[in-house]
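J.: This is the structure I have questions about; it appears just below.
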Amino acid sequence: MAKQHHDVTLEWPDADRETRTVAVDEDETVLEAAERADIALPFGCRTGACGTCTGRLLEADGAESAAGDDERGTIDVTDAFSYRRSPRALKDRHRADGYVLLCIASPRVGCRLAVGASVHTELVDNPWK
Ligand code: FES
């Protein structure tokens, strides 16, 4: 049986919103799929501990219909990704804000993600504001 995969569009906010789309297999992480496609994403530990690989979910297939009247358009990261192990580098509020660790996350739906070093910078800056 053919493997399920989902198209994930990567968008670099710090590179004039350059985008690339990769097909990520069900049992593959976004980072692994990007590497297979020769796309360089930042990473450190590859175990969900350091946060270097953090991306931010911008849009997920089906999010609009699930959002109902909510004007913000609810994007639930827990519906969009499954984690291989616990994402230790993210606090609950980061997960609620759509941040996702690309080294251990496999998509469950097609989606668009902000990636690159600037996303991790947002994350580490926030707690001190
Ligand atoms: S590379 Fe360290 S959390 Fe993903």
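Ligands are numbered from 1 in the order shown, residues from 1 within each chain, and chains are lettered A, B, ... in the order they appear in the structure tokens.
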Apply DSSP to the backbone of this structure and, from region 88-126 of chain A, keep only the residues in strand (DSSP E); write these as JSON, numbers by chain.
T.: {"A": [99, 100, 101, 105, 106, 107, 111, 112, 113, 114]}
J.: Write to file, as a tab-separated table (two decimals), in the first residue's frame, the residues of the selection just made, with N, CA and C atoms.
T.:
```tsv
chain	number	residue	atom	x	y	z
A	99	TYR	N	3.38	26.96	17.66
A	99	TYR	CA	4.78	26.56	17.45
A	99	TYR	C	4.89	25.04	17.46
A	100	VAL	N	5.80	24.55	16.62
A	100	VAL	CA	5.91	23.10	16.48
A	100	VAL	C	7.39	22.74	16.26
A	101	LEU	N	7.83	21.63	16.86
A	101	LEU	CA	9.23	21.20	16.73
A	101	LEU	C	9.36	20.28	15.52
A	105	ALA	N	8.10	16.21	14.69
A	105	ALA	CA	6.70	16.33	14.32
A	105	ALA	C	6.44	15.79	12.92
A	106	SER	N	5.39	14.95	12.81
A	106	SER	CA	4.94	14.46	11.51
A	106	SER	C	3.55	15.03	11.25
A	107	PRO	N	3.34	15.60	10.05
A	107	PRO	CA	2.04	16.22	9.78
A	107	PRO	C	0.93	15.20	9.60
A	111	CYS	N	-0.23	21.47	5.25
A	111	CYS	CA	-0.19	22.73	6.00
A	111	CYS	C	0.91	23.65	5.49
A	112	ARG	N	0.91	24.84	6.02
A	112	ARG	CA	1.93	25.85	5.69
A	112	ARG	C	2.60	26.24	7.00
A	113	LEU	N	3.92	26.29	6.99
A	113	LEU	CA	4.69	26.56	8.20
A	113	LEU	C	5.69	27.68	7.98
A	114	ALA	N	5.81	28.56	8.96
A	114	ALA	CA	6.92	29.52	8.95
A	114	ALA	C	8.13	28.80	9.52
```
J.: When you look at His6 (chain A) with a cut-off of 9 Å (counting only C-alpha atoms), what residues show up, excluding the ones that are within fewer than 5 positions of it in the same chain? I need them as a list in words.
T.: Val22, Ala23, Val24, Asp25, Glu26, Pro107, Arg108, Val109, Gly110 and Cys111 of chain A
J.: Those same residues - C-alpha atoms - I'd like them written as a compact mmCIF listing (two decimals), in the first residue's frame.
T.:
```
# COMPACT_ATOMS: atom_id res chain seq x y z
CA VAL A 22 7.71 19.06 0.41
CA ALA A 23 5.71 15.85 0.60
CA VAL A 24 6.13 14.46 4.11
CA ASP A 25 5.39 10.76 4.67
CA GLU A 26 3.20 9.72 7.60
CA PRO A 107 2.04 16.22 9.78
CA ARG A 108 -1.45 14.74 9.83
CA VAL A 109 -2.78 17.24 7.27
CA GLY A 110 -1.35 19.43 4.54
CA CYS A 111 -0.19 22.73 6.00
```
J.: Could you give me the residues within 9 Å of ligand 1, counting only C-alpha atoms and all ligand atoms, as an NGL selection string?
T.: :A and (31 or 42-54 or 87-90 or 100-105)
J.: Using only N, CA and C atoms, please write the residues we just selected to a file, as a PDB file, in the first residue's frame.
T.:
```pdb
ATOM      1  N   LEU A  31      11.483  17.757   9.384  1.00  0.00           N
ATOM      2  CA  LEU A  31      12.923  17.957   9.197  1.00  0.00           C
ATOM      3  C   LEU A  31      13.518  16.880   8.284  1.00  0.00           C
ATOM      4  N   PRO A  42      17.141  24.812  10.205  1.00  0.00           N
ATOM      5  CA  PRO A  42      17.980  24.788  11.404  1.00  0.00           C
ATOM      6  C   PRO A  42      17.595  23.637  12.327  1.00  0.00           C
ATOM      7  N   PHE A  43      18.569  23.014  12.952  1.00  0.00           N
ATOM      8  CA  PHE A  43      18.274  22.007  13.970  1.00  0.00           C
ATOM      9  C   PHE A  43      19.467  21.883  14.904  1.00  0.00           C
ATOM     10  N   GLY A  44      19.215  21.275  16.053  1.00  0.00           N
ATOM     11  CA  GLY A  44      20.289  21.055  17.021  1.00  0.00           C
ATOM     12  C   GLY A  44      20.243  19.625  17.500  1.00  0.00           C
ATOM     13  N   CYS A  45      19.401  19.369  18.504  1.00  0.00           N
ATOM     14  CA  CYS A  45      19.408  18.073  19.195  1.00  0.00           C
ATOM     15  C   CYS A  45      18.694  16.945  18.449  1.00  0.00           C
ATOM     16  N   ARG A  46      17.714  17.274  17.629  1.00  0.00           N
ATOM     17  CA  ARG A  46      16.848  16.307  16.939  1.00  0.00           C
ATOM     18  C   ARG A  46      16.035  15.444  17.901  1.00  0.00           C
ATOM     19  N   THR A  47      15.894  15.861  19.138  1.00  0.00           N
ATOM     20  CA  THR A  47      15.120  15.074  20.099  1.00  0.00           C
ATOM     21  C   THR A  47      14.024  15.882  20.771  1.00  0.00           C
ATOM     22  N   GLY A  48      13.781  17.098  20.319  1.00  0.00           N
ATOM     23  CA  GLY A  48      12.706  17.892  20.929  1.00  0.00           C
ATOM     24  C   GLY A  48      13.117  18.636  22.180  1.00  0.00           C
ATOM     25  N   ALA A  49      14.414  18.759  22.419  1.00  0.00           N
ATOM     26  CA  ALA A  49      14.860  19.375  23.671  1.00  0.00           C
ATOM     27  C   ALA A  49      15.379  20.801  23.530  1.00  0.00           C
ATOM     28  N   CYS A  50      15.901  21.171  22.361  1.00  0.00           N
ATOM     29  CA  CYS A  50      16.598  22.463  22.277  1.00  0.00           C
ATOM     30  C   CYS A  50      15.755  23.574  21.662  1.00  0.00           C
ATOM     31  N   GLY A  51      14.817  23.237  20.806  1.00  0.00           N
ATOM     32  CA  GLY A  51      13.959  24.257  20.197  1.00  0.00           C
ATOM     33  C   GLY A  51      14.525  24.904  18.941  1.00  0.00           C
ATOM     34  N   THR A  52      15.728  24.534  18.535  1.00  0.00           N
ATOM     35  CA  THR A  52      16.346  25.161  17.362  1.00  0.00           C
ATOM     36  C   THR A  52      15.522  24.983  16.093  1.00  0.00           C
ATOM     37  N   CYS A  53      14.821  23.872  15.987  1.00  0.00           N
ATOM     38  CA  CYS A  53      14.090  23.538  14.760  1.00  0.00           C
ATOM     39  C   CYS A  53      12.668  24.108  14.731  1.00  0.00           C
ATOM     40  N   THR A  54      12.329  24.943  15.709  1.00  0.00           N
ATOM     41  CA  THR A  54      10.938  25.406  15.840  1.00  0.00           C
ATOM     42  C   THR A  54      10.397  26.063  14.573  1.00  0.00           C
ATOM     43  N   PRO A  87       7.517  17.038  23.152  1.00  0.00           N
ATOM     44  CA  PRO A  87       8.229  18.230  22.699  1.00  0.00           C
ATOM     45  C   PRO A  87       8.681  19.085  23.884  1.00  0.00           C
ATOM     46  N   ARG A  88       9.767  18.678  24.497  1.00  0.00           N
ATOM     47  CA  ARG A  88      10.190  19.294  25.758  1.00  0.00           C
ATOM     48  C   ARG A  88      10.570  20.763  25.614  1.00  0.00           C
ATOM     49  N   ALA A  89      11.011  21.161  24.421  1.00  0.00           N
ATOM     50  CA  ALA A  89      11.480  22.542  24.256  1.00  0.00           C
ATOM     51  C   ALA A  89      10.339  23.556  24.205  1.00  0.00           C
ATOM     52  N   LEU A  90       9.103  23.093  24.078  1.00  0.00           N
ATOM     53  CA  LEU A  90       7.984  24.032  23.968  1.00  0.00           C
ATOM     54  C   LEU A  90       7.134  24.040  25.226  1.00  0.00           C
ATOM     55  N   VAL A 100       5.796  24.550  16.623  1.00  0.00           N
ATOM     56  CA  VAL A 100       5.913  23.101  16.481  1.00  0.00           C
ATOM     57  C   VAL A 100       7.387  22.737  16.259  1.00  0.00           C
ATOM     58  N   LEU A 101       7.828  21.631  16.859  1.00  0.00           N
ATOM     59  CA  LEU A 101       9.228  21.203  16.731  1.00  0.00           C
ATOM     60  C   LEU A 101       9.357  20.279  15.520  1.00  0.00           C
ATOM     61  N   LEU A 102       9.997  20.781  14.487  1.00  0.00           N
ATOM     62  CA  LEU A 102       9.995  20.070  13.210  1.00  0.00           C
ATOM     63  C   LEU A 102      10.857  18.812  13.215  1.00  0.00           C
ATOM     64  N   CYS A 103      11.748  18.656  14.204  1.00  0.00           N
ATOM     65  CA  CYS A 103      12.600  17.462  14.242  1.00  0.00           C
ATOM     66  C   CYS A 103      11.849  16.226  14.714  1.00  0.00           C
ATOM     67  N   ILE A 104      10.722  16.429  15.404  1.00  0.00           N
ATOM     68  CA  ILE A 104       9.992  15.265  15.943  1.00  0.00           C
ATOM     69  C   ILE A 104       8.525  15.254  15.528  1.00  0.00           C
ATOM     70  N   ALA A 105       8.105  16.213  14.688  1.00  0.00           N
ATOM     71  CA  ALA A 105       6.695  16.326  14.319  1.00  0.00           C
ATOM     72  C   ALA A 105       6.437  15.792  12.916  1.00  0.00           C
TER      73      ALA A 105
END
```
J.: Please compute the CA of Ala80 (chain A)-CA of Glu11 (chain A) distance, one decimal, in Å.
T.: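 Computed distance, CA of Ala80 (chain A) to CA of Glu11 (chain A), equals 16.9 Å.
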J.: In Å, rounded to a single decimal, give me how far CA of Asp16 (chain A) is from CA of Ser82 (chain A).
T.: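 According to the coordinates, CA of Ser82 (chain A) and CA of Asp16 (chain A) are separated by 29.1 Å.
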J.: Take CA of Glu28 (chain A) and CA of Arg93 (chain A) and report the distance between them in Å, one decimal.
T.: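 Taking CA of Glu28 (chain A) as the start and CA of Arg93 (chain A) as the end point, the length is 25.3 Å.
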